[in-house]
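This is start-v4.pdb (PDB, C-alpha atoms).
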ATOM      1  CA  MET A   1      74.789-110.397  16.406
ATOM      2  CA  LYS A   2      72.524-107.385  15.982
ATOM      3  CA  ASP A   3      69.218-107.715  14.101
ATOM      4  CA  GLN A   4      69.378-111.501  13.861
ATOM      5  CA  THR A   5      66.397-113.128  12.234
ATOM      6  CA  PRO A   6      64.433-115.794  14.167
ATOM      7  CA  THR A   7      65.793-118.446  11.808
ATOM      8  CA  ARG A   8      69.387-117.424  12.548
ATOM      9  CA  ARG A   9      68.724-117.563  16.303
ATOM     10  CA  ILE A  10      67.233-121.054  15.951
ATOM     11  CA  GLU A  11      70.242-122.230  13.939
ATOM     12  CA  ALA A  12      72.644-120.828  16.530
ATOM     13  CA  GLY A  13      70.653-122.450  19.352
ATOM     14  CA  TYR A  14      70.708-125.837  17.657
ATOM     15  CA  LEU A  15      74.449-125.651  16.997
ATOM     16  CA  ILE A  16      75.279-124.736  20.594
ATOM     17  CA  LEU A  17      72.903-127.400  21.937
ATOM     18  CA  VAL A  18      74.538-130.084  19.793
ATOM     19  CA  PHE A  19      77.946-128.919  21.030
ATOM     20  CA  VAL A  20      76.812-129.075  24.688
ATOM     21  CA  ILE A  21      75.370-132.580  24.216
ATOM     22  CA  MET A  22      78.605-133.718  22.592
ATOM     23  CA  ILE A  23      80.575-132.457  25.612
ATOM     24  CA  GLN A  24      78.157-134.208  27.961
ATOM     25  CA  GLU A  25      78.460-137.512  26.099
ATOM     26  CA  LEU A  26      82.241-137.197  25.968
ATOM     27  CA  LEU A  27      82.446-136.688  29.739
ATOM     28  CA  ILE A  28      80.209-139.716  30.333
ATOM     29  CA  PHE A  29      82.386-141.885  28.106
ATOM     30  CA  ILE A  30      85.538-140.722  29.899
ATOM     31  CA  LYS A  31      83.933-141.440  33.307
ATOM     32  CA  VAL A  32      82.816-144.931  32.267
ATOM     33  CA  TYR A  33      86.240-145.664  30.781
ATOM     34  CA  ALA A  34      88.059-144.474  33.922
ATOM     35  CA  ASP A  35      85.828-146.197  36.528
ATOM     36  CA  GLN A  36      84.594-149.130  34.418
ATOM     37  CA  ALA A  37      81.152-148.457  35.961
ATOM     38  CA  TYR A  38      78.048-146.382  35.452
ATOM     39  CA  THR A  39      76.145-145.830  38.681
ATOM     40  CA  THR A  40      72.440-145.251  39.256
ATOM     41  CA  GLN A  41      73.169-141.703  40.353
ATOM     42  CA  GLU A  42      74.926-140.941  37.085
ATOM     43  CA  LEU A  43      72.059-142.495  35.144
ATOM     44  CA  LEU A  44      69.543-140.303  36.976
ATOM     45  CA  PHE A  45      71.528-137.160  36.250
ATOM     46  CA  SER A  46      71.827-138.150  32.575
ATOM     47  CA  LEU A  47      68.058-138.573  32.456
ATOM     48  CA  GLY A  48      67.832-135.212  34.212
ATOM     49  CA  THR A  49      69.579-133.527  31.299
ATOM     50  CA  LEU A  50      66.890-134.938  28.986
ATOM     51  CA  ALA A  51      64.198-133.698  31.369
ATOM     52  CA  ALA A  52      65.890-130.286  31.293
ATOM     53  CA  LEU A  53      65.440-130.201  27.510
ATOM     54  CA  LEU A  54      61.729-130.931  27.876
ATOM     55  CA  ILE A  55      61.306-128.287  30.591
ATOM     56  CA  GLY A  56      63.127-125.653  28.555
ATOM     57  CA  PHE A  57      61.218-126.454  25.374
ATOM     58  CA  PHE A  58      57.671-126.751  26.699
ATOM     59  CA  MET A  59      57.648-124.382  29.680
ATOM     60  CA  PRO A  60      57.409-120.571  29.429
ATOM     61  CA  VAL A  61      60.622-118.579  29.637
ATOM     62  CA  GLY A  62      59.796-117.315  33.132
ATOM     63  CA  VAL A  63      59.247-120.822  34.482
ATOM     64  CA  THR A  64      62.484-121.979  32.860
ATOM     65  CA  ALA A  65      64.408-119.115  34.494
ATOM     66  CA  VAL A  66      63.022-120.032  37.933
ATOM     67  CA  ALA A  67      63.839-123.704  37.334
ATOM     68  CA  VAL A  68      67.431-122.856  36.357
ATOM     69  CA  PHE A  69      67.897-120.715  39.492
ATOM     70  CA  PHE A  70      66.394-123.391  41.768
ATOM     71  CA  TYR A  71      68.543-126.095  40.193
ATOM     72  CA  LEU A  72      71.764-124.096  40.498
ATOM     73  CA  VAL A  73      71.185-123.348  44.196
ATOM     74  CA  SER A  74      70.103-126.916  45.040
ATOM     75  CA  TYR A  75      72.859-128.593  43.079
ATOM     76  CA  PHE A  76      75.529-126.297  44.472
ATOM     77  CA  VAL A  77      74.422-127.153  48.023
ATOM     78  CA  TRP A  78      74.353-130.869  47.194
ATOM     79  CA  LEU A  79      77.735-130.673  45.500
ATOM     80  CA  ASN A  80      79.348-129.092  48.572
ATOM     81  CA  THR A  81      77.755-131.370  51.144
ATOM     82  CA  TYR A  82      77.063-134.872  49.820
ATOM     83  CA  ALA A  83      78.489-135.349  46.347
ATOM     84  CA  HIS A  84      81.770-136.881  45.341
ATOM     85  CA  VAL A  85      83.302-134.125  43.255
ATOM     86  CA  ASP A  86      84.702-135.164  39.897
ATOM     87  CA  ILE A  87      84.636-133.841  36.355
ATOM     88  CA  LEU A  88      81.261-135.397  35.518
ATOM     89  CA  SER A  89      79.449-134.294  38.681
ATOM     90  CA  PHE A  90      80.868-130.786  38.370
ATOM     91  CA  SER A  91      79.878-130.582  34.685
ATOM     92  CA  TRP A  92      76.236-131.247  35.547
ATOM     93  CA  LEU A  93      76.222-127.955  37.447
ATOM     94  CA  LEU A  94      76.469-126.216  34.057
ATOM     95  CA  LEU A  95      75.182-128.725  31.507
ATOM     96  CA  VAL A  96      71.668-129.170  32.895
ATOM     97  CA  PRO A  97      70.927-125.403  33.054
ATOM     98  CA  ALA A  98      72.536-125.014  29.618
ATOM     99  CA  ASN A  99      70.132-127.615  28.211
ATOM    100  CA  MET A 100      67.142-125.778  29.677
ATOM    101  CA  ILE A 101      68.291-122.385  28.444
ATOM    102  CA  LEU A 102      69.139-123.557  24.926
ATOM    103  CA  ALA A 103      65.858-125.471  24.579
ATOM    104  CA  SER A 104      64.002-122.360  25.727
ATOM    105  CA  VAL A 105      65.862-120.201  23.177
ATOM    106  CA  ILE A 106      65.044-122.639  20.374
ATOM    107  CA  HIS A 107      61.396-122.779  21.417
ATOM    108  CA  SER A 108      61.156-118.973  21.535
ATOM    109  CA  GLY A 109      62.759-118.751  18.099
ATOM    110  CA  LEU A 110      60.303-121.267  16.674
ATOM    111  CA  ILE A 111      57.382-119.298  18.109
ATOM    112  CA  ARG A 112      58.695-116.026  16.627
ATOM    113  CA  ASN A 113      59.295-117.737  13.311
ATOM    114  CA  ARG A 114      55.769-119.131  13.260
ATOM    115  CA  ARG A 115      54.308-115.715  14.077
ATOM    116  CA  LEU A 116      56.414-114.112  11.351
ATOM    117  CA  ILE A 117      55.195-116.658   8.805
ATOM    118  CA  GLU A 118      51.585-116.066   9.892
ATOM    119  CA  ARG A 119      52.027-112.301   9.489
ATOM    120  CA  LEU A 120      53.574-112.749   6.053
ATOM    121  CA  GLU A 121      50.673-114.964   5.028
ATOM    122  CA  ASP A 122      48.229-112.312   6.275
ATOM    123  CA  LEU A 123      50.087-109.608   4.346
ATOM    124  CA  LYS A 124      50.112-111.815   1.269
ATOM    125  CA  ASP A 125      46.324-112.025   1.430
ATOM    126  CA  MET A 126      45.718-108.385   2.386
ATOM    127  CA  SER A 127      48.392-106.343   0.639
ATOM    128  CA  PRO A 128      49.173-105.868  -3.054
ATOM    129  CA  GLN A 129      52.073-107.962  -4.285
ATOM    130  CA  LEU A 130      55.245-105.959  -4.852
ATOM    131  CA  ASP A 131      58.614-106.868  -6.303
ATOM    132  CA  LEU A 132      61.135-105.343  -3.884
ATOM    133  CA  ASP A 133      63.890-105.136  -6.524
ATOM    134  CA  THR A 134      61.916-103.337  -9.225
ATOM    135  CA  SER A 135      59.218-101.786  -6.962
ATOM    136  CA  LEU A 136      56.723-103.023  -9.560
ATOM    137  CA  GLY A 137      53.327-104.321  -8.574
ATOM    138  CA  ASN A 138      52.025-107.453 -10.251
ATOM    139  CA  LYS A 139      48.667-108.466 -11.683
ATOM    140  CA  LEU A 140      46.974-108.816  -8.274
ATOM    141  CA  SER A 141      47.936-105.310  -7.199
ATOM    142  CA  LEU A 142      46.937-103.971 -10.629
ATOM    143  CA  GLU A 143      43.485-105.485 -10.190
ATOM    144  CA  ASP A 144      43.189-103.970  -6.717
ATOM    145  CA  ALA A 145      44.255-100.518  -7.963
ATOM    146  CA  VAL A 146      41.907-100.584 -10.973
ATOM    147  CA  ILE A 147      38.910-101.495  -8.816
ATOM    148  CA  LYS A 148      39.688 -98.769  -6.288
ATOM    149  CA  HIS A 149      40.238 -96.031  -8.860
ATOM    150  CA  SER A 150      37.261 -97.013 -11.018
ATOM    151  CA  ASN A 151      35.030 -96.805  -7.950
ATOM    152  CA  LEU A 152      36.388 -93.348  -7.170
ATOM    153  CA  ALA A 153      35.897 -92.218 -10.771
ATOM    154  CA  LYS A 154      32.325 -93.537 -10.801
ATOM    155  CA  ARG A 155      31.475 -91.911  -7.472
ATOM    156  CA  TYR A 156      32.947 -88.517  -8.366
ATOM    157  CA  PRO A 157      32.718 -88.324 -12.191
ATOM    158  CA  GLN A 158      33.082 -84.541 -12.324
ATOM    159  CA  ARG A 159      36.108 -84.365 -10.065
ATOM    160  CA  TYR A 160      38.059 -87.581 -10.566
ATOM    161  CA  ASP A 161      39.246 -89.637 -13.516
ATOM    162  CA  PHE A 162      42.186 -91.818 -14.454
ATOM    163  CA  CYS A 163      43.938 -93.356 -17.440
ATOM    164  CA  MET A 164      46.023 -96.470 -17.992
ATOM    165  CA  ALA A 165      48.815 -97.266 -20.414
ATOM    166  CA  MET A 166      50.613-100.465 -21.336
ATOM    167  CA  PHE A 167      54.220-100.562 -22.554
ATOM    168  CA  LYS A 168      55.031-103.846 -24.251
ATOM    169  CA  ILE A 169      58.469-105.094 -25.290
ATOM    170  CA  GLU A 170      58.207-106.296 -28.856
ATOM    171  CA  PHE A 171      59.975-109.436 -30.102
ATOM    172  CA  LEU A 172      60.213-110.644 -26.512
ATOM    173  CA  PRO A 173      61.408-114.218 -27.266
ATOM    174  CA  LEU A 174      64.299-112.805 -29.296
ATOM    175  CA  VAL A 175      65.132-110.316 -26.538
ATOM    176  CA  LYS A 176      65.179-113.062 -23.890
ATOM    177  CA  GLU A 177      67.283-115.359 -26.038
ATOM    178  CA  SER A 178      69.772-112.599 -26.857
ATOM    179  CA  LEU A 179      70.170-111.366 -23.280
ATOM    180  CA  GLY A 180      69.839-114.508 -21.171
ATOM    181  CA  SER A 181      68.009-114.645 -17.856
ATOM    182  CA  ARG A 182      70.394-112.456 -15.839
ATOM    183  CA  ARG A 183      70.698-109.668 -18.385
ATOM    184  CA  TYR A 184      66.936-109.779 -18.963
ATOM    185  CA  ALA A 185      66.310-109.385 -15.217
ATOM    186  CA  ARG A 186      68.688-106.405 -15.145
ATOM    187  CA  LEU A 187      66.878-104.941 -18.143
ATOM    188  CA  LEU A 188      63.528-105.137 -16.333
ATOM    189  CA  LEU A 189      65.086-103.396 -13.336
ATOM    190  CA  GLU A 190      66.496-100.634 -15.544
ATOM    191  CA  LEU A 191      63.171-100.206 -17.349
ATOM    192  CA  SER A 192      61.400 -99.949 -13.997
ATOM    193  CA  HIS A 193      63.754 -97.156 -12.913
ATOM    194  CA  THR A 194      63.304 -95.449 -16.278
ATOM    195  CA  ILE A 195      59.509 -95.492 -15.957
ATOM    196  CA  GLN A 196      59.726 -94.150 -12.399
ATOM    197  CA  LYS A 197      61.751 -91.167 -13.581
ATOM    198  CA  GLN A 198      59.058 -90.279 -16.129
ATOM    199  CA  ILE A 199      55.968 -90.524 -13.906
ATOM    200  CA  ARG A 200      54.679 -88.738 -10.834
ATOM    201  CA  TYR A 201      54.882 -90.132  -7.320
ATOM    202  CA  GLU A 202      51.110 -90.621  -7.262
ATOM    203  CA  ASP A 203      51.177 -92.784 -10.398
ATOM    204  CA  TYR A 204      51.316 -96.567 -10.186
ATOM    205  CA  LYS A 205      53.487 -98.933 -12.218
ATOM    206  CA  PHE A 206      53.000-102.679 -12.644
ATOM    207  CA  PHE A 207      54.652-105.590 -14.408
ATOM    208  CA  ILE A 208      52.337-108.387 -15.572
ATOM    209  CA  ASP A 209      54.848-110.728 -17.257
ATOM    210  CA  GLN A 210      55.469-111.253 -20.977
ATOM    211  CA  GLY A 211      57.386-107.977 -21.132
ATOM    212  CA  ARG A 212      54.296-105.892 -20.335
ATOM    213  CA  PHE A 213      54.400-102.835 -18.071
ATOM    214  CA  VAL A 214      51.225-101.022 -17.046
ATOM    215  CA  VAL A 215      51.065 -97.513 -15.584
ATOM    216  CA  LEU A 216      47.941 -96.100 -13.938
ATOM    217  CA  TYR A 217      47.657 -92.297 -13.974
ATOM    218  CA  PRO A 218      45.198 -90.796 -11.456
ATOM    219  CA  MET A 219      43.750 -87.381 -12.348
ATOM    220  CA  THR A 220      45.114 -87.454 -15.898
ATOM    221  CA  ASN A 221      42.973 -86.557 -18.896
ATOM    222  CA  GLN A 222      43.203 -87.789 -22.471
ATOM    223  CA  GLU A 223      44.763 -84.575 -23.814
ATOM    224  CA  HIS A 224      47.978 -85.145 -21.866
ATOM    225  CA  LEU A 225      48.025 -88.933 -22.095
ATOM    226  CA  GLN A 226      49.414 -89.253 -25.615
ATOM    227  CA  GLN A 227      52.347 -86.954 -24.916
ATOM    228  CA  LEU A 228      53.030 -88.735 -21.625
ATOM    229  CA  THR A 229      53.011 -92.243 -23.082
ATOM    230  CA  ALA A 230      55.175 -91.164 -26.009
ATOM    231  CA  ARG A 231      57.775 -89.722 -23.638
ATOM    232  CA  ILE A 232      57.890 -92.890 -21.508
ATOM    233  CA  LYS A 233      58.035 -95.109 -24.598
ATOM    234  CA  GLN A 234      60.977 -93.172 -26.014
ATOM    235  CA  ALA A 235      62.806 -93.265 -22.680
ATOM    236  CA  MET A 236      62.365 -97.049 -22.488
ATOM    237  CA  MET A 237      63.624 -97.516 -26.034
ATOM    238  CA  ASN A 238      66.689 -95.433 -25.186
ATOM    239  CA  VAL A 239      67.707 -97.851 -22.424
ATOM    240  CA  GLU A 240      71.002 -99.464 -23.424
ATOM    241  CA  ALA A 241      71.090-103.262 -23.479
ATOM    242  CA  VAL A 242      73.978-105.530 -24.421
ATOM    243  CA  ASP A 243      73.436-109.103 -25.592
ATOM    244  CA  ARG A 244      75.546-112.155 -24.757
ATOM    245  CA  SER A 245      78.032-111.432 -27.497
ATOM    246  CA  GLY A 246      78.582-107.871 -26.286
ATOM    247  CA  SER A 247      76.653-106.242 -29.120
ATOM    248  CA  PRO A 248      74.098-103.495 -28.399
ATOM    249  CA  LEU A 249      70.471-104.576 -28.480
ATOM    250  CA  LYS A 250      67.884-102.079 -29.680
ATOM    251  CA  LEU A 251      64.593-102.322 -27.831
ATOM    252  CA  VAL A 252      61.256-101.893 -29.559
ATOM    253  CA  VAL A 253      58.414-100.826 -27.274
ATOM    254  CA  ARG A 254      54.771-100.494 -28.252
ATOM    255  CA  THR A 255      52.199 -98.670 -26.186
ATOM    256  CA  GLY A 256      48.441 -98.676 -25.815
ATOM    257  CA  ALA A 257      46.225 -96.737 -23.437
ATOM    258  CA  LEU A 258      42.716 -96.594 -21.975
ATOM    259  CA  VAL A 259      40.695 -93.689 -20.658
ATOM    260  CA  PHE A 260      38.151 -94.550 -17.970
ATOM    261  CA  GLN A 261      34.531 -94.340 -19.085
ATOM    262  CA  PRO A 262      31.861 -94.348 -16.316
ATOM    263  CA  GLU A 263      29.377 -96.250 -18.480
ATOM    264  CA  GLN A 264      31.842 -99.144 -18.661
ATOM    265  CA  PHE A 265      32.327 -99.293 -14.897
ATOM    266  CA  SER A 266      31.302-102.957 -14.542
ATOM    267  CA  LYS A 267      33.946-104.102 -17.032
ATOM    268  CA  TYR A 268      36.768-102.718 -14.903
ATOM    269  CA  GLU A 269      36.085-105.414 -12.316
ATOM    270  CA  HIS A 270      37.525-107.981 -14.752
ATOM    271  CA  ILE A 271      41.240-107.295 -14.907
ATOM    272  CA  ASP A 272      41.841-109.799 -17.718
ATOM    273  CA  ALA A 273      39.463-107.857 -19.961
ATOM    274  CA  VAL A 274      41.223-104.585 -19.107
ATOM    275  CA  ILE A 275      44.638-106.096 -19.861
ATOM    276  CA  ALA A 276      43.354-107.557 -23.130
ATOM    277  CA  ALA A 277      41.989-104.151 -24.177
ATOM    278  CA  LEU A 278      45.298-102.478 -23.378
ATOM    279  CA  GLU A 279      47.198-105.113 -25.345
ATOM    280  CA  ARG A 280      44.896-104.691 -28.345
ATOM    281  CA  ASN A 281      45.636-100.978 -28.293
ATOM    282  CA  THR A 282      49.391-101.626 -28.297
ATOM    283  CA  GLU A 283      49.022-103.137 -31.780
ATOM    284  CA  THR A 284      48.389 -99.673 -33.209
ATOM    285  CA  ASP A 285      49.734 -97.430 -30.393
ATOM    286  CA  LEU A 286      46.131 -96.438 -29.742
ATOM    287  CA  ILE A 287      44.500 -94.514 -26.916
ATOM    288  CA  GLY A 288      41.138 -96.223 -26.574
ATOM    289  CA  GLU A 289      37.965 -95.580 -24.638
ATOM    290  CA  TYR A 290      36.429 -99.042 -24.502
ATOM    291  CA  VAL A 291      37.419-102.192 -22.681
TER
END

Have the structure of the file written as structure tokens, please.
Amino acid sequence: MKDQTPTRRIEAGYLILVFVIMIQELLIFIKVYADQAYTTQELLFSLGTLAALLIGFFMPVGVTAVAVFFYLVSYFVWLNTYAHVDILSFSWLLLVPANMILASVIHSGLIRNRRLIERLEDLKDMSPQLDLDTSLGNKLSLEDAVIKHSNLAKRYPQRYDFCMAMFKIEFLPLVKESLGSRRYARLLLELSHTIQKQIRYEDYKFFIDQGRFVVLYPMTNQEHLQQLTARIKQAMMNVEAVDRSGSPLKLVVRTGALVFQPEQFSKYEHIDAVIAALERNTETDLIGEYV
């Protein structure tokens, strides 16, 4: 299958390996039942299949490939010159290399999976958190963005500034109870798309739980901020929502904003204080200047 994930390859390897081992055990049982004996030679080859698993799992892929080739040539020569050919002895021509190959595939998949997990952990520590469904950053990415933009605004006060606005869903417990978890999740997705249509590509949008959206506007002054927030607020309130009973639900959204002030630079390092200031401003739909 194209574009299989490492986990899928590991699952497929395990399933095929279990199937191969089942065939091997079945052939051994049939041989013992037919001959009423289990010779030393057959015991050694059975142990060899276990050794093949260890070789395939712990040795590099290149070494495993050489071992498979050497085994096939040697066993084929032995089979044609000394061995008593029966179903069990012939099956070992294929089962032992299959064990090595499958163990090697599983080991490679585990290594890739471990590396993928390590990379994801690194990205989790290094990159802002982002919800792939709503394309909304969370509180950690908001903190990172605020610190970066406040540093830029402090370094270039005459050429760079930014503003922030919070859009808060009012009566949130009632909204959640009326919609249910699935409809509420769809509502957040729709609100995210609505906000994106109203802002520029260089603006940033975040969701910090409790029905609170935050938008950061680089290079936006206070004169345009009120008109901008009012437009986004109205667009969010126009989003259609239907409750569990099929009745329309009217959203109420409150907004509050902040304009960066260089003299308050140190306070922007504390994201909780910034969020609290934005939330206070939502109580009166205020554009404030102080954190």

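For the file at hand, the PyMOL selection byres ((chain A and resi 203) around 9) resolves to Gln196, Ile199, Arg200, Tyr201, Glu202, Tyr204, Lys205, Val215, Leu216, Tyr217 and Pro218 of chain A.
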
Please save C-alpha atoms of the selected residues as an mmCIF file, in the coordinates of the input.
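The file below, part-v8.cif, is the result:
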data_model
loop_
_atom_site.group_PDB
_atom_site.id
_atom_site.type_symbol
_atom_site.label_atom_id
_atom_site.label_comp_id
_atom_site.auth_asym_id
_atom_site.auth_seq_id
_atom_site.Cartn_x
_atom_site.Cartn_y
_atom_site.Cartn_z
ATOM 1 C CA GLN A 196 59.726 -94.150 -12.399
ATOM 2 C CA ILE A 199 55.968 -90.524 -13.906
ATOM 3 C CA ARG A 200 54.679 -88.738 -10.834
ATOM 4 C CA TYR A 201 54.882 -90.132 -7.320
ATOM 5 C CA GLU A 202 51.110 -90.621 -7.262
ATOM 6 C CA TYR A 204 51.316 -96.567 -10.186
ATOM 7 C CA LYS A 205 53.487 -98.933 -12.218
ATOM 8 C CA VAL A 215 51.065 -97.513 -15.584
ATOM 9 C CA LEU A 216 47.941 -96.100 -13.938
ATOM 10 C CA TYR A 217 47.657 -92.297 -13.974
ATOM 11 C CA PRO A 218 45.198 -90.796 -11.456
#

Residues within 12 Å of A:Leu228, all atoms listed in the file, excluding chain neighbours under 4 positions, as a VMD selection string: chain A and resid 163 to 167 195 198 to 200 215 to 217 220 to 224 232 to 235 255 to 257 287

Picked residues, the PyMOL selection byres ((chain A and resi 56) around 7), expected as JSON, numbers by chain: {"A": [52, 53, 54, 55, 57, 58, 59, 64, 100, 101, 103, 104]}

Test item: residues at most 10 Å from stretch 248-254 of chain A, all atoms listed in the file, excluding those fewer than 3 positions along its chain, as a VMD selection string: chain A and resid 166 to 172 175 178 to 179 211 to 212 229 to 230 232 to 245 279 281 to 286

Test item: the PyMOL selection byres ((chain A and resi 272) around 12) resolved as a list in words: Lys139, Leu140, Leu142, Glu143, Val146, Ile208, Lys267, Tyr268, Glu269, His270, Ile271, Ala273, Val274, Ile275, Ala276, Ala277, Leu278, Glu279 and Val291 of chain A

Distance in Å - atom CA of A:Leu27 versus atom CA of A:Thr39: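 One can read the atom CA of A:Leu27 to atom CA of A:Thr39 distance as 14.3 Å.
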